[in-house]
>>> print(open('target_38.txt').read())   # compact mmCIF, C-alpha atoms and all ligand atoms
# COMPACT_ATOMS: atom_id res chain seq x y z
CA MET A 1 25.06 -25.63 16.13
CA PRO A 2 22.92 -26.55 19.14
CA ASP A 3 20.22 -29.05 18.33
CA VAL A 4 18.01 -28.18 21.28
CA VAL A 5 14.44 -27.42 20.25
CA HIS A 6 13.32 -24.26 21.94
CA GLU A 7 9.71 -23.16 21.78
CA SER A 8 8.74 -19.51 21.54
CA VAL A 9 5.07 -18.79 22.20
CA PHE A 10 3.65 -15.78 20.41
CA ASN A 11 0.29 -14.09 20.77
CA LEU A 12 -0.74 -12.08 17.73
CA GLN A 13 -3.53 -9.65 18.59
CA PHE A 14 -5.08 -6.87 16.58
CA PRO A 15 -8.49 -5.31 16.09
CA PHE A 16 -9.71 -4.75 12.56
CA THR A 17 -12.72 -3.43 10.72
CA ARG A 18 -13.82 -5.06 7.49
CA THR A 19 -16.22 -3.90 4.84
CA LEU A 20 -18.87 -6.49 4.09
CA GLY A 21 -19.99 -5.92 0.52
CA SER A 22 -23.62 -5.91 -0.51
CA THR A 23 -24.48 -9.58 0.07
CA LEU A 24 -22.98 -9.94 3.54
CA SER A 25 -24.25 -6.48 4.50
CA THR A 26 -27.74 -7.75 3.71
CA PHE A 27 -27.12 -10.96 5.65
CA PHE A 28 -25.79 -9.25 8.78
CA SER A 29 -28.41 -6.50 8.70
CA ALA A 30 -31.08 -9.21 8.68
CA LEU A 31 -29.27 -11.11 11.43
CA ALA A 32 -29.34 -8.04 13.68
CA GLN A 33 -33.11 -8.15 13.24
CA GLY A 34 -33.18 -11.80 14.31
CA GLN A 35 -33.67 -13.18 10.81
CA ILE A 36 -31.28 -15.58 9.07
CA ILE A 37 -31.39 -15.38 5.28
CA GLY A 38 -29.99 -17.17 2.27
CA VAL A 39 -29.91 -16.42 -1.42
CA ARG A 40 -31.73 -18.42 -4.12
CA THR A 41 -29.41 -19.01 -7.04
CA GLY A 42 -28.94 -21.80 -9.57
CA GLY A 43 -32.07 -23.59 -8.36
CA ARG A 44 -31.06 -23.85 -4.70
CA VAL A 45 -30.79 -21.72 -1.58
CA ILE A 46 -27.32 -20.96 -0.27
CA ALA A 47 -27.30 -19.92 3.40
CA PRO A 48 -25.49 -17.91 4.56
CA PRO A 49 -25.64 -16.20 1.17
CA LEU A 50 -22.56 -16.00 -1.04
CA GLU A 51 -21.90 -13.30 -3.59
CA TYR A 52 -21.12 -15.88 -6.22
CA ASP A 53 -22.49 -19.35 -6.92
CA PRO A 54 -19.59 -21.62 -5.92
CA ASP A 55 -20.39 -24.07 -8.72
CA THR A 56 -20.60 -21.63 -11.62
CA ALA A 57 -18.99 -18.40 -10.31
CA ALA A 58 -22.14 -16.60 -11.53
CA ASP A 59 -23.38 -13.60 -9.56
CA SER A 60 -25.79 -14.97 -6.93
CA GLY A 61 -28.12 -12.02 -7.35
CA THR A 62 -30.47 -10.65 -4.71
CA ASP A 63 -33.27 -13.22 -4.48
CA TYR A 64 -33.01 -13.44 -0.70
CA VAL A 65 -35.13 -15.89 1.30
CA LYS A 66 -35.78 -16.50 4.98
CA VAL A 67 -34.15 -19.63 6.41
CA GLY A 68 -34.26 -21.20 9.87
CA PRO A 69 -34.32 -20.50 12.74
CA LYS A 70 -34.43 -24.30 12.99
CA GLY A 71 -32.15 -26.63 11.09
CA THR A 72 -30.68 -30.10 10.91
CA VAL A 73 -27.17 -31.10 12.00
CA SER A 74 -25.19 -33.16 9.51
CA ALA A 75 -21.72 -33.24 11.09
CA TRP A 76 -19.88 -31.73 14.03
CA THR A 77 -16.68 -31.56 16.01
CA TRP A 78 -16.80 -31.47 19.78
CA VAL A 79 -14.89 -28.76 21.65
CA PRO A 80 -14.32 -30.16 25.16
CA GLU A 81 -12.28 -27.22 26.46
CA PRO A 82 -13.42 -23.84 25.12
CA THR A 83 -10.78 -21.10 25.14
CA HIS A 84 -11.25 -17.54 26.36
CA LEU A 85 -12.11 -16.61 22.78
CA HIS A 86 -15.11 -18.88 22.42
CA THR A 87 -18.42 -17.18 23.05
CA ILE A 88 -19.75 -19.94 25.26
CA LYS A 89 -17.70 -21.35 28.10
CA ASN A 90 -19.08 -24.85 28.46
CA PRO A 91 -18.15 -27.71 26.10
CA PHE A 92 -19.98 -27.40 22.78
CA ALA A 93 -19.94 -28.55 19.15
CA PHE A 94 -19.03 -26.72 15.98
CA ALA A 95 -21.58 -28.17 13.59
CA PHE A 96 -22.74 -28.09 10.00
CA ILE A 97 -26.38 -27.04 10.21
CA THR A 98 -28.66 -27.00 7.18
CA LEU A 99 -31.29 -24.45 8.07
CA ASP A 100 -34.90 -25.01 7.09
CA GLY A 101 -35.38 -23.49 3.65
CA ALA A 102 -31.68 -23.84 2.76
CA ASP A 103 -29.83 -26.37 0.65
CA THR A 104 -26.36 -25.74 2.05
CA ALA A 105 -25.03 -25.98 5.59
CA MET A 106 -23.68 -23.19 7.77
CA ILE A 107 -21.21 -23.63 10.60
CA HIS A 108 -22.21 -22.52 14.06
CA LEU A 109 -22.11 -23.58 17.70
CA VAL A 110 -24.43 -26.23 19.05
CA ASP A 111 -24.88 -26.05 22.81
CA ALA A 112 -26.28 -29.51 23.48
CA GLY A 113 -25.00 -30.10 27.00
CA SER A 114 -22.89 -33.14 26.25
CA GLU A 115 -21.17 -34.84 23.36
CA SER A 116 -23.48 -37.84 23.68
CA ALA A 117 -26.43 -35.58 22.88
CA MET A 118 -25.01 -34.89 19.42
CA LYS A 119 -26.21 -37.04 16.54
CA PRO A 120 -26.63 -36.66 12.80
CA GLY A 121 -30.09 -35.49 11.87
CA MET A 122 -30.71 -33.79 15.21
CA ARG A 123 -32.98 -30.79 15.02
CA VAL A 124 -31.60 -27.56 16.47
CA GLU A 125 -32.82 -24.01 16.79
CA ALA A 126 -31.00 -20.66 16.87
CA THR A 127 -30.99 -18.62 20.06
CA PHE A 128 -30.30 -14.93 19.55
CA LYS A 129 -28.80 -12.28 21.78
CA PRO A 130 -31.26 -9.70 23.11
CA VAL A 131 -32.05 -7.24 20.33
CA ASP A 132 -30.22 -4.34 21.96
CA GLU A 133 -27.00 -6.39 22.12
CA ARG A 134 -26.92 -7.41 18.46
CA VAL A 135 -24.33 -5.74 16.26
CA GLY A 136 -24.77 -7.57 12.96
CA ARG A 137 -22.16 -10.26 13.52
CA ILE A 138 -22.36 -14.05 13.44
CA ASP A 139 -22.35 -14.22 17.23
CA ASP A 140 -25.66 -12.35 17.29
CA ILE A 141 -26.71 -16.01 17.27
CA LEU A 142 -25.55 -17.16 20.71
CA ALA A 143 -25.76 -20.82 19.72
CA PHE A 144 -28.07 -23.44 18.33
CA VAL A 145 -29.75 -25.63 20.92
CA PRO A 146 -31.80 -28.83 20.55
CA ALA A 147 -35.17 -27.77 19.12
CA ALA A 148 -38.07 -28.13 21.55
CA ASP A 149 -40.36 -28.79 18.58
CA PRO A 150 -38.74 -30.50 15.57
CA ALA A 151 -41.50 -29.30 13.21
CA PRO A 152 -40.32 -27.17 10.25
CA SER A 153 -39.62 -23.48 10.88
CA ALA A 154 -42.55 -21.21 10.12
CA GLY A 155 -41.86 -18.90 7.18
CA ALA A 156 -38.69 -20.68 6.01
CA GLY A 157 -38.26 -20.33 2.26
CA GLU A 158 -40.35 -17.14 2.01
CA SER A 159 -38.87 -14.13 0.26
CA TRP A 160 -36.95 -11.61 2.32
CA ASP A 161 -37.35 -8.01 1.24
CA ALA A 162 -33.93 -6.52 1.74
CA PRO A 163 -33.74 -2.74 2.22
CA ALA A 164 -32.10 -0.84 -0.64
CA GLU A 165 -29.37 0.30 1.77
CA PRO A 166 -28.36 -2.32 4.36
CA GLU A 167 -27.91 -0.67 7.73
CA ILE A 168 -24.76 -2.66 8.53
CA SER A 169 -21.94 -2.36 5.99
CA THR A 170 -18.82 -2.85 8.14
CA GLN A 171 -17.92 -5.19 10.94
CA ASP A 172 -15.52 -4.86 13.88
CA SER A 173 -13.50 -7.97 14.58
CA TYR A 174 -10.58 -8.91 16.76
CA CYS A 175 -7.76 -11.28 15.96
CA ASP A 176 -6.19 -13.14 18.89
CA LEU A 177 -3.92 -15.90 17.69
CA VAL A 178 -1.53 -17.88 19.88
CA TYR A 179 1.08 -19.90 18.06
CA VAL A 180 4.25 -21.77 18.92
CA ASP A 181 7.45 -21.30 16.97
CA ASN A 182 9.99 -24.11 17.26
CA THR A 183 13.13 -22.05 17.32
CA SER A 184 15.69 -23.20 14.78
CA ALA A 185 19.21 -24.10 15.81
CA SER A 186 20.59 -21.00 14.10
CA THR A 187 18.09 -18.70 15.83
CA LEU A 188 18.95 -20.36 19.13
CA LEU A 189 22.62 -19.57 18.52
CA TRP A 190 21.68 -15.94 17.87
CA MET A 191 19.67 -15.81 21.09
CA GLU A 192 22.55 -17.26 23.09
CA SER A 193 25.00 -14.76 21.63
CA LEU A 194 22.70 -11.83 22.46
CA LEU A 195 22.36 -13.03 26.04
CA ALA A 196 26.17 -13.11 26.18
CA GLY A 197 26.36 -9.54 24.86
CA LYS A 198 27.92 -10.24 21.50
CA LEU A 199 26.83 -10.46 17.89
CA VAL A 200 27.58 -13.32 15.55
CA GLY A 201 27.15 -13.99 11.88
CA GLN A 202 28.07 -16.56 9.29
CA LYS A 203 30.60 -16.08 6.54
CA CYS A 204 29.90 -17.81 3.24
CA PRO A 205 32.96 -19.76 1.98
CA VAL A 206 31.88 -19.19 -1.64
CA CYS A 207 31.06 -15.49 -1.91
CA SER A 208 32.77 -14.39 1.34
CA ARG A 209 29.72 -12.39 2.40
CA THR A 210 29.13 -12.19 6.13
CA PHE A 211 25.49 -12.43 7.12
CA VAL A 212 24.49 -11.07 10.51
CA GLY A 213 22.56 -13.51 12.59
CA PRO A 214 23.38 -17.13 11.79
CA ARG A 215 20.67 -17.94 9.31
CA GLY A 216 22.02 -21.30 8.21
CA MET A 217 22.40 -20.48 4.53
CA CYS A 218 23.82 -18.12 1.97
CA CYS A 219 20.88 -16.78 0.02
CA VAL A 220 23.17 -15.78 -2.88
CA ASP A 221 24.84 -19.15 -3.39
CA ALA A 222 21.96 -21.22 -2.00
CA ILE A 223 24.28 -23.30 0.16
CA GLU A 224 23.95 -24.39 3.75
CA LEU A 225 26.12 -22.67 6.34
CA ASP A 226 26.89 -24.37 9.64
CA GLU A 227 28.76 -23.82 12.89
CA THR A 228 32.11 -23.83 11.06
CA ASN A 229 30.99 -20.63 9.30
CA VAL A 230 30.09 -18.73 12.47
CA VAL A 231 32.10 -15.57 13.06
CA ASP A 232 31.98 -12.82 15.67
CA VAL A 233 30.90 -9.47 14.25
CA PRO A 234 31.28 -6.03 15.81
CA ASP A 235 28.43 -4.23 17.54
CA ARG A 236 29.19 -1.07 15.58
CA GLY A 237 28.12 -0.06 12.12
CA VAL A 238 26.64 2.48 9.75
CA ILE A 239 23.02 3.46 9.15
CA THR A 240 22.16 2.56 5.56
CA ASN A 241 18.41 3.20 5.51
CA PHE A 242 15.77 4.44 7.85
CA THR A 243 12.07 5.02 8.14
CA VAL A 244 10.48 7.62 10.41
CA ILE A 245 7.27 6.26 11.83
CA THR A 246 4.52 8.51 13.13
CA PRO A 247 2.73 6.24 15.59
CA VAL A 248 -0.95 5.55 15.17
CA GLN A 249 -2.42 4.89 18.59
CA TYR A 250 -3.68 1.37 18.02
CA PRO A 251 -3.95 -0.90 21.09
CA GLY A 252 -0.49 -1.96 22.21
CA GLN A 253 1.35 0.98 20.58
CA LEU A 254 3.52 2.47 23.32
CA GLU A 255 5.20 5.16 21.21
CA THR A 256 3.58 8.58 21.09
CA GLU A 257 6.19 10.62 19.16
CA PRO A 258 7.69 9.99 15.69
CA PHE A 259 10.57 7.52 15.87
CA ALA A 260 13.12 6.10 13.45
CA ARG A 261 13.72 2.47 12.58
CA CYS A 262 17.05 1.94 10.88
CA SER A 263 18.94 -0.65 8.93
CA ILE A 264 22.50 -0.90 10.20
CA LEU A 265 25.40 -2.41 8.29
CA LEU A 266 27.82 -3.71 10.89
CA ASP A 267 31.48 -3.05 10.21
CA GLY A 268 32.96 -5.78 8.05
CA THR A 269 29.66 -7.44 7.20
CA ASP A 270 27.45 -7.52 4.11
CA ALA A 271 23.92 -7.82 5.52
CA VAL A 272 22.09 -5.22 7.55
CA MET A 273 20.36 -5.54 10.88
CA ALA A 274 16.94 -4.08 10.19
CA GLN A 275 14.38 -2.31 12.38
CA GLN A 276 16.88 -0.93 14.88
CA SER A 277 16.14 1.93 17.28
CA ILE A 278 18.36 5.00 17.49
CA LEU A 279 18.86 6.53 20.94
CA ASP A 280 19.29 10.09 22.12
CA ILE A 281 18.66 11.97 18.87
CA PRO A 282 15.35 13.15 17.42
CA ALA A 283 13.97 11.16 14.50
CA ASP A 284 14.42 14.11 12.12
CA GLN A 285 18.18 14.14 12.76
CA VAL A 286 18.78 10.52 11.79
CA ARG A 287 20.65 10.21 8.49
CA VAL A 288 22.29 7.53 6.42
CA GLY A 289 26.03 7.20 6.86
CA MET A 290 25.94 7.83 10.62
CA HIS A 291 28.23 5.61 12.67
CA VAL A 292 26.43 3.98 15.56
CA ALA A 293 27.24 1.50 18.33
CA ALA A 294 24.95 -0.89 20.16
CA VAL A 295 23.81 -0.02 23.68
CA TRP A 296 23.42 -3.29 25.53
CA VAL A 297 20.82 -3.93 28.18
CA PRO A 298 22.46 -4.96 31.51
CA GLU A 299 23.18 -8.69 31.37
CA ALA A 300 20.71 -9.64 34.08
CA GLU A 301 17.88 -7.86 32.25
CA ARG A 302 18.44 -9.30 28.77
CA ASP A 303 15.49 -11.19 27.35
CA VAL A 304 15.21 -13.10 24.09
CA SER A 305 11.63 -14.33 24.50
CA GLU A 306 10.42 -12.02 21.72
CA ILE A 307 12.84 -13.40 19.15
CA GLY A 308 11.46 -15.87 16.63
CA ASN A 309 12.67 -17.47 13.44
CA ARG A 310 11.53 -14.55 11.33
CA GLY A 311 13.37 -11.25 11.15
CA TRP A 312 17.04 -12.06 11.32
CA GLY A 313 18.94 -9.48 13.24
CA SER A 314 16.38 -8.61 15.88
CA GLY A 315 18.16 -7.47 19.01
CA GLY A 316 15.29 -8.65 21.17
CA ASP A 317 15.35 -7.06 24.59
CA CYS A 318 19.13 -7.31 24.71
CA ILE A 319 20.07 -4.22 22.71
CA SER A 320 18.13 -1.17 23.85
CA GLY A 321 19.16 0.76 20.73
CA TRP A 322 22.09 2.29 18.91
CA ARG A 323 23.92 5.50 19.77
CA HIS A 324 25.77 7.84 17.43
CA THR A 325 29.52 7.41 17.97
CA GLY A 326 30.36 10.94 16.89
CA GLN A 327 32.67 9.78 14.10
CA PRO A 328 32.41 11.59 10.74
CA ASP A 329 29.74 10.06 8.49
CA GLU A 330 30.78 7.17 6.26
CA PRO A 331 31.06 7.98 2.53
CA GLU A 332 28.13 6.57 0.62
CA GLU A 333 30.23 4.31 -1.62
CA ASN A 334 31.31 2.32 1.45
CA TYR A 335 27.91 0.99 2.32
CA LEU A 336 26.48 0.05 -1.05
CA GLU A 337 25.82 -3.56 -2.05
CA ARG A 338 24.44 -4.51 1.33
CA MET A 339 21.73 -7.09 1.78
CA MET A 340 18.90 -7.92 4.13
ZN ZN B 1 27.61 -16.92 -0.55
>>> encode(input="target_38.txt", output="structure tokens", more="lines below")
Ligand SMILES: [Zn+2]
Amino acid sequence: MPDVVHESVFNLQFPFTRTLGSTLSTFFSALAQGQIIGVRTGGRVIAPPLEYDPDTAADSGTDYVKVGPKGTVSAWTWVPEPTHLHTIKNPFAFAFITLDGADTAMIHLVDAGSESAMKPGMRVEATFKPVDERVGRIDDILAFVPAADPAPSAGAGESWDAPAEPEISTQDSYCDLVYVDNTSASTLLWMESLLAGKLVGQKCPVCSRTFVGPRGMCCVDAIELDETNVVDVPDRGVITNFTVITPVQYPGQLETEPFARCSILLDGTDAVMAQQSILDIPADQVRVGMHVAAVWVPEAERDVSEIGNRGWGSGGDCISGWRHTGQPDEPEENYLERMM
């Protein structure tokens, strides 16, 4: 198999809403008011508060206290090139900051201007967003900056009277993760075959099963398969399973009508290609046993950039979908014992 290392770059993005629970609801509700709090438990103040004492696993309770807004830096890492996801655009530090009135450190940004300005023991102070821009999230604190006056924070350590019902109980967040997948030799072979308009698999010399997509192993016999086991497989098969998906309109969802995603057992093979699209028939007319054939994207338009090491059998942007051949349906007994 080819030994070229090919990198696929993926960007995983999704918005999500999380529930906070009573302790973090109290913390973020206070934060939206411009007050950082901790919880007194086991003879010390943990800030930000935790629901459980990390040393004893005991319930931390609700003895909330005011901490900060000033604190002391104990350690940091410098970020010389912020990404588009960082909330400040100039170089900054992620630092452990023990807020006045607290016994544990929290992690936040320190905007000190330059790396040389950072030192252990430096006094910093929280700067908050304007009150009408706060949403009860950790970035309601824009950053910590060197404290103009290193004197202790006024009011730190005093009790914080939390409302019976915190006003903020959920939080909207957004995941944006870029990662690089070093494409395996077997996946690279699959990509090359798709670009050439053909499908390949590997036939196990022990159990004689043919897996679609060269995955480099037989998962039944736990043996390695190599280029000597590669076989051409047909681009025709039978639908063995399907799911009809009613699209929820989350960001990035392009489908608006219910659609089917099918597992297809290619003729003469033992492992299905999963998550395949069916063309030209409504989702409610898809059925198991249907014979289908691949519809290939024109050669010049084929693209394998979306194929990674996970999900054997993805057609990438090389197979636009599968079309019913019109043959009579396959009897059920002929497509049992298939595998993923
Ligand atoms: Zn085998």
>>> residues_near_ligand(input="target_38.txt", ligand="ligand ZN 1 (chain B)", cutoff="9 Å", atoms="all atoms listed in the file", output="PDB file with C-alpha atoms, keeping the file's coordinate frame")
ATOM      1  CA  LYS A 203      30.600 -16.080   6.540  1.00  0.00           C
ATOM      2  CA  CYS A 204      29.900 -17.810   3.240  1.00  0.00           C
ATOM      3  CA  PRO A 205      32.960 -19.760   1.980  1.00  0.00           C
ATOM      4  CA  VAL A 206      31.880 -19.190  -1.640  1.00  0.00           C
ATOM      5  CA  CYS A 207      31.060 -15.490  -1.910  1.00  0.00           C
ATOM      6  CA  SER A 208      32.770 -14.390   1.340  1.00  0.00           C
ATOM      7  CA  ARG A 209      29.720 -12.390   2.400  1.00  0.00           C
ATOM      8  CA  THR A 210      29.130 -12.190   6.130  1.00  0.00           C
ATOM      9  CA  MET A 217      22.400 -20.480   4.530  1.00  0.00           C
ATOM     10  CA  CYS A 218      23.820 -18.120   1.970  1.00  0.00           C
ATOM     11  CA  CYS A 219      20.880 -16.780   0.020  1.00  0.00           C
ATOM     12  CA  VAL A 220      23.170 -15.780  -2.880  1.00  0.00           C
ATOM     13  CA  ASP A 221      24.840 -19.150  -3.390  1.00  0.00           C
ATOM     14  CA  ALA A 222      21.960 -21.220  -2.000  1.00  0.00           C
ATOM     15  CA  ILE A 223      24.280 -23.300   0.160  1.00  0.00           C
TER      16      ILE A 223
END
>>> residues_around(input="target_38.txt", residues="Phe28 (chain A)", least_positions_apart="3", cutoff="7 Å", atoms="only C-alpha atoms", output="ChimeraX atom specification")
/A:24-25,31-32,136-137,168
>>> residues_around(input="target_38.txt", residues="region 61-78 of chain A", least_positions_apart="4", cutoff="8 Å", atoms="all atoms listed in the file", output="number ranges by chain")
A: 23, 35-41, 45, 47, 51, 91-102, 115, 119-126, 147, 150, 152-153, 155-162
>>> atom_distance(input="target_38.txt", atom1="CA of Pro80 (chain A)", atom2="CA of Asp111 (chain A)")
11.6 Å
>>> residues_near_point(input="target_38.txt", point="(29.3, -1.2, 11.0)", cutoff="8 Å", atoms="all atoms listed in the file", output="tab-separated table (two decimals) with C-alpha atoms, keeping the file's coordinate frame")
chain	number	residue	atom	x	y	z
A	234	PRO	CA	31.28	-6.03	15.81
A	235	ASP	CA	28.43	-4.23	17.54
A	236	ARG	CA	29.19	-1.07	15.58
A	237	GLY	CA	28.12	-0.06	12.12
A	238	VAL	CA	26.64	2.48	9.75
A	264	ILE	CA	22.50	-0.90	10.20
A	265	LEU	CA	25.40	-2.41	8.29
A	266	LEU	CA	27.82	-3.71	10.89
A	267	ASP	CA	31.48	-3.05	10.21
A	268	GLY	CA	32.96	-5.78	8.05
A	269	THR	CA	29.66	-7.44	7.20
A	291	HIS	CA	28.23	5.61	12.67
A	292	VAL	CA	26.43	3.98	15.56
>>> residues_around(input="target_38.txt", residues="Thr325 (chain A)", least_positions_apart="3", cutoff="12 Å", atoms="all atoms listed in the file", output="list of chain:residue names")
A:Asp235, A:Arg236, A:Gly237, A:Val238, A:Ile239, A:Ile278, A:Leu279, A:Asp280, A:Ile281, A:Gly289, A:Met290, A:His291, A:Val292, A:Ala293, A:Ala294, A:Val295, A:Trp322, A:Pro328, A:Asp329, A:Glu330
>>> atom_distance(input="target_38.txt", atom1="CA of Ala112 (chain A)", atom2="CA of Pro49 (chain A)")
26.0 Å
>>> closest_residue(input="target_38.txt", among="A:Val233, A:Phe27, A:Asp55, A:Gly316", to="Met191 (chain A)", atoms="only C-alpha atoms")
A:Gly316
>>> closest_residue(input="target_38.txt", among="A:Val304, A:Ala30, A:Leu254, A:Ile88", to="His6 (chain A)", atoms="all atoms listed in the file")
A:Val304
>>> residues_around(input="target_38.txt", residues="Arg18 (chain A)", least_positions_apart="6", cutoff="10 Å", atoms="all atoms listed in the file", output="mmCIF file with C-alpha atoms, in the frame of the given file")
data_model
loop_
_atom_site.group_PDB
_atom_site.id
_atom_site.type_symbol
_atom_site.label_atom_id
_atom_site.label_comp_id
_atom_site.auth_asym_id
_atom_site.auth_seq_id
_atom_site.Cartn_x
_atom_site.Cartn_y
_atom_site.Cartn_z
ATOM 1 C CA SER A 169 -21.940 -2.360 5.990
ATOM 2 C CA THR A 170 -18.820 -2.850 8.140
ATOM 3 C CA GLN A 171 -17.920 -5.190 10.940
ATOM 4 C CA ASP A 172 -15.520 -4.860 13.880
ATOM 5 C CA SER A 173 -13.500 -7.970 14.580
#
>>> atom_distance(input="target_38.txt", atom1="CA of Pro82 (chain A)", atom2="CA of Tyr179 (chain A)")
16.6 Å
>>> axis_aligned_box(input="target_38.txt", around="region 175-192 of chain A", padding_each_side="5 Å", output="lines of an AutoDock Vina configuration file")
center_x = 7.4
center_y = -17.7
center_z = 18.6
size_x = 40.4
size_y = 22.8
size_z = 19.0
>>> decode(input="target_38.txt", residues="region 193-215 of chain A", atoms="N, CA and C atoms", output="PDB file, in the first residue's frame")
ATOM      1  N   SER A 193      -8.815   5.086  -5.171  1.00  0.00           N
ATOM      2  CA  SER A 193      -9.728   4.271  -5.974  1.00  0.00           C
ATOM      3  C   SER A 193     -11.001   5.050  -6.293  1.00  0.00           C
ATOM      4  N   LEU A 194     -11.487   5.833  -5.321  1.00  0.00           N
ATOM      5  CA  LEU A 194     -12.688   6.632  -5.574  1.00  0.00           C
ATOM      6  C   LEU A 194     -12.431   7.656  -6.677  1.00  0.00           C
ATOM      7  N   LEU A 195     -11.265   8.288  -6.624  1.00  0.00           N
ATOM      8  CA  LEU A 195     -10.942   9.280  -7.655  1.00  0.00           C
ATOM      9  C   LEU A 195     -10.893   8.621  -9.030  1.00  0.00           C
ATOM     10  N   ALA A 196     -10.521   7.333  -9.050  1.00  0.00           N
ATOM     11  CA  ALA A 196     -10.448   6.591 -10.311  1.00  0.00           C
ATOM     12  C   ALA A 196     -11.802   5.985 -10.690  1.00  0.00           C
ATOM     13  N   GLY A 197     -12.815   6.182  -9.858  1.00  0.00           N
ATOM     14  CA  GLY A 197     -14.156   5.707 -10.195  1.00  0.00           C
ATOM     15  C   GLY A 197     -14.361   4.225  -9.986  1.00  0.00           C
ATOM     16  N   LYS A 198     -13.629   3.656  -9.028  1.00  0.00           N
ATOM     17  CA  LYS A 198     -13.875   2.243  -8.737  1.00  0.00           C
ATOM     18  C   LYS A 198     -13.817   2.019  -7.227  1.00  0.00           C
ATOM     19  N   LEU A 199     -14.363   0.903  -6.810  1.00  0.00           N
ATOM     20  CA  LEU A 199     -14.392   0.561  -5.388  1.00  0.00           C
ATOM     21  C   LEU A 199     -13.474  -0.634  -5.151  1.00  0.00           C
ATOM     22  N   VAL A 200     -12.793  -0.585  -4.035  1.00  0.00           N
ATOM     23  CA  VAL A 200     -11.912  -1.707  -3.680  1.00  0.00           C
ATOM     24  C   VAL A 200     -12.205  -2.161  -2.260  1.00  0.00           C
ATOM     25  N   GLY A 201     -11.798  -3.382  -1.985  1.00  0.00           N
ATOM     26  CA  GLY A 201     -11.924  -3.927  -0.648  1.00  0.00           C
ATOM     27  C   GLY A 201     -10.721  -4.795  -0.361  1.00  0.00           C
ATOM     28  N   GLN A 202     -10.801  -5.511   0.738  1.00  0.00           N
ATOM     29  CA  GLN A 202      -9.752  -6.478   1.065  1.00  0.00           C
ATOM     30  C   GLN A 202     -10.417  -7.786   1.457  1.00  0.00           C
ATOM     31  N   LYS A 203      -9.877  -8.865   0.929  1.00  0.00           N
ATOM     32  CA  LYS A 203     -10.427 -10.184   1.213  1.00  0.00           C
ATOM     33  C   LYS A 203      -9.533 -10.896   2.211  1.00  0.00           C
ATOM     34  N   CYS A 204     -10.133 -11.329   3.312  1.00  0.00           N
ATOM     35  CA  CYS A 204      -9.364 -11.993   4.364  1.00  0.00           C
ATOM     36  C   CYS A 204      -9.024 -13.422   3.926  1.00  0.00           C
ATOM     37  N   PRO A 205      -7.742 -13.812   3.988  1.00  0.00           N
ATOM     38  CA  PRO A 205      -7.360 -15.172   3.570  1.00  0.00           C
ATOM     39  C   PRO A 205      -7.818 -16.244   4.553  1.00  0.00           C
ATOM     40  N   VAL A 206      -8.230 -15.838   5.753  1.00  0.00           N
ATOM     41  CA  VAL A 206      -8.640 -16.831   6.755  1.00  0.00           C
ATOM     42  C   VAL A 206     -10.140 -17.102   6.662  1.00  0.00           C
ATOM     43  N   CYS A 207     -10.945 -16.048   6.756  1.00  0.00           N
ATOM     44  CA  CYS A 207     -12.399 -16.264   6.785  1.00  0.00           C
ATOM     45  C   CYS A 207     -13.057 -16.015   5.429  1.00  0.00           C
ATOM     46  N   SER A 208     -12.270 -15.524   4.468  1.00  0.00           N
ATOM     47  CA  SER A 208     -12.749 -15.246   3.107  1.00  0.00           C
ATOM     48  C   SER A 208     -13.767 -14.112   3.025  1.00  0.00           C
ATOM     49  N   ARG A 209     -13.946 -13.367   4.112  1.00  0.00           N
ATOM     50  CA  ARG A 209     -14.844 -12.207   4.029  1.00  0.00           C
ATOM     51  C   ARG A 209     -14.167 -11.093   3.231  1.00  0.00           C
ATOM     52  N   THR A 210     -14.971 -10.388   2.455  1.00  0.00           N
ATOM     53  CA  THR A 210     -14.459  -9.220   1.745  1.00  0.00           C
ATOM     54  C   THR A 210     -14.996  -7.964   2.417  1.00  0.00           C
ATOM     55  N   PHE A 211     -14.066  -7.166   2.913  1.00  0.00           N
ATOM     56  CA  PHE A 211     -14.428  -5.898   3.549  1.00  0.00           C
ATOM     57  C   PHE A 211     -14.330  -4.791   2.515  1.00  0.00           C
ATOM     58  N   VAL A 212     -15.289  -3.895   2.531  1.00  0.00           N
ATOM     59  CA  VAL A 212     -15.286  -2.801   1.556  1.00  0.00           C
ATOM     60  C   VAL A 212     -14.539  -1.620   2.147  1.00  0.00           C
ATOM     61  N   GLY A 213     -13.658  -1.083   1.341  1.00  0.00           N
ATOM     62  CA  GLY A 213     -12.743  -0.081   1.857  1.00  0.00           C
ATOM     63  C   GLY A 213     -11.590  -0.833   2.478  1.00  0.00           C
ATOM     64  N   PRO A 214     -10.374  -0.643   2.001  1.00  0.00           N
ATOM     65  CA  PRO A 214      -9.245  -1.371   2.573  1.00  0.00           C
ATOM     66  C   PRO A 214      -8.949  -0.852   3.964  1.00  0.00           C
ATOM     67  N   ARG A 215      -9.306  -1.615   4.953  1.00  0.00           N
ATOM     68  CA  ARG A 215      -9.153  -1.131   6.326  1.00  0.00           C
ATOM     69  C   ARG A 215      -7.915  -1.686   7.019  1.00  0.00           C
TER      70      ARG A 215
END
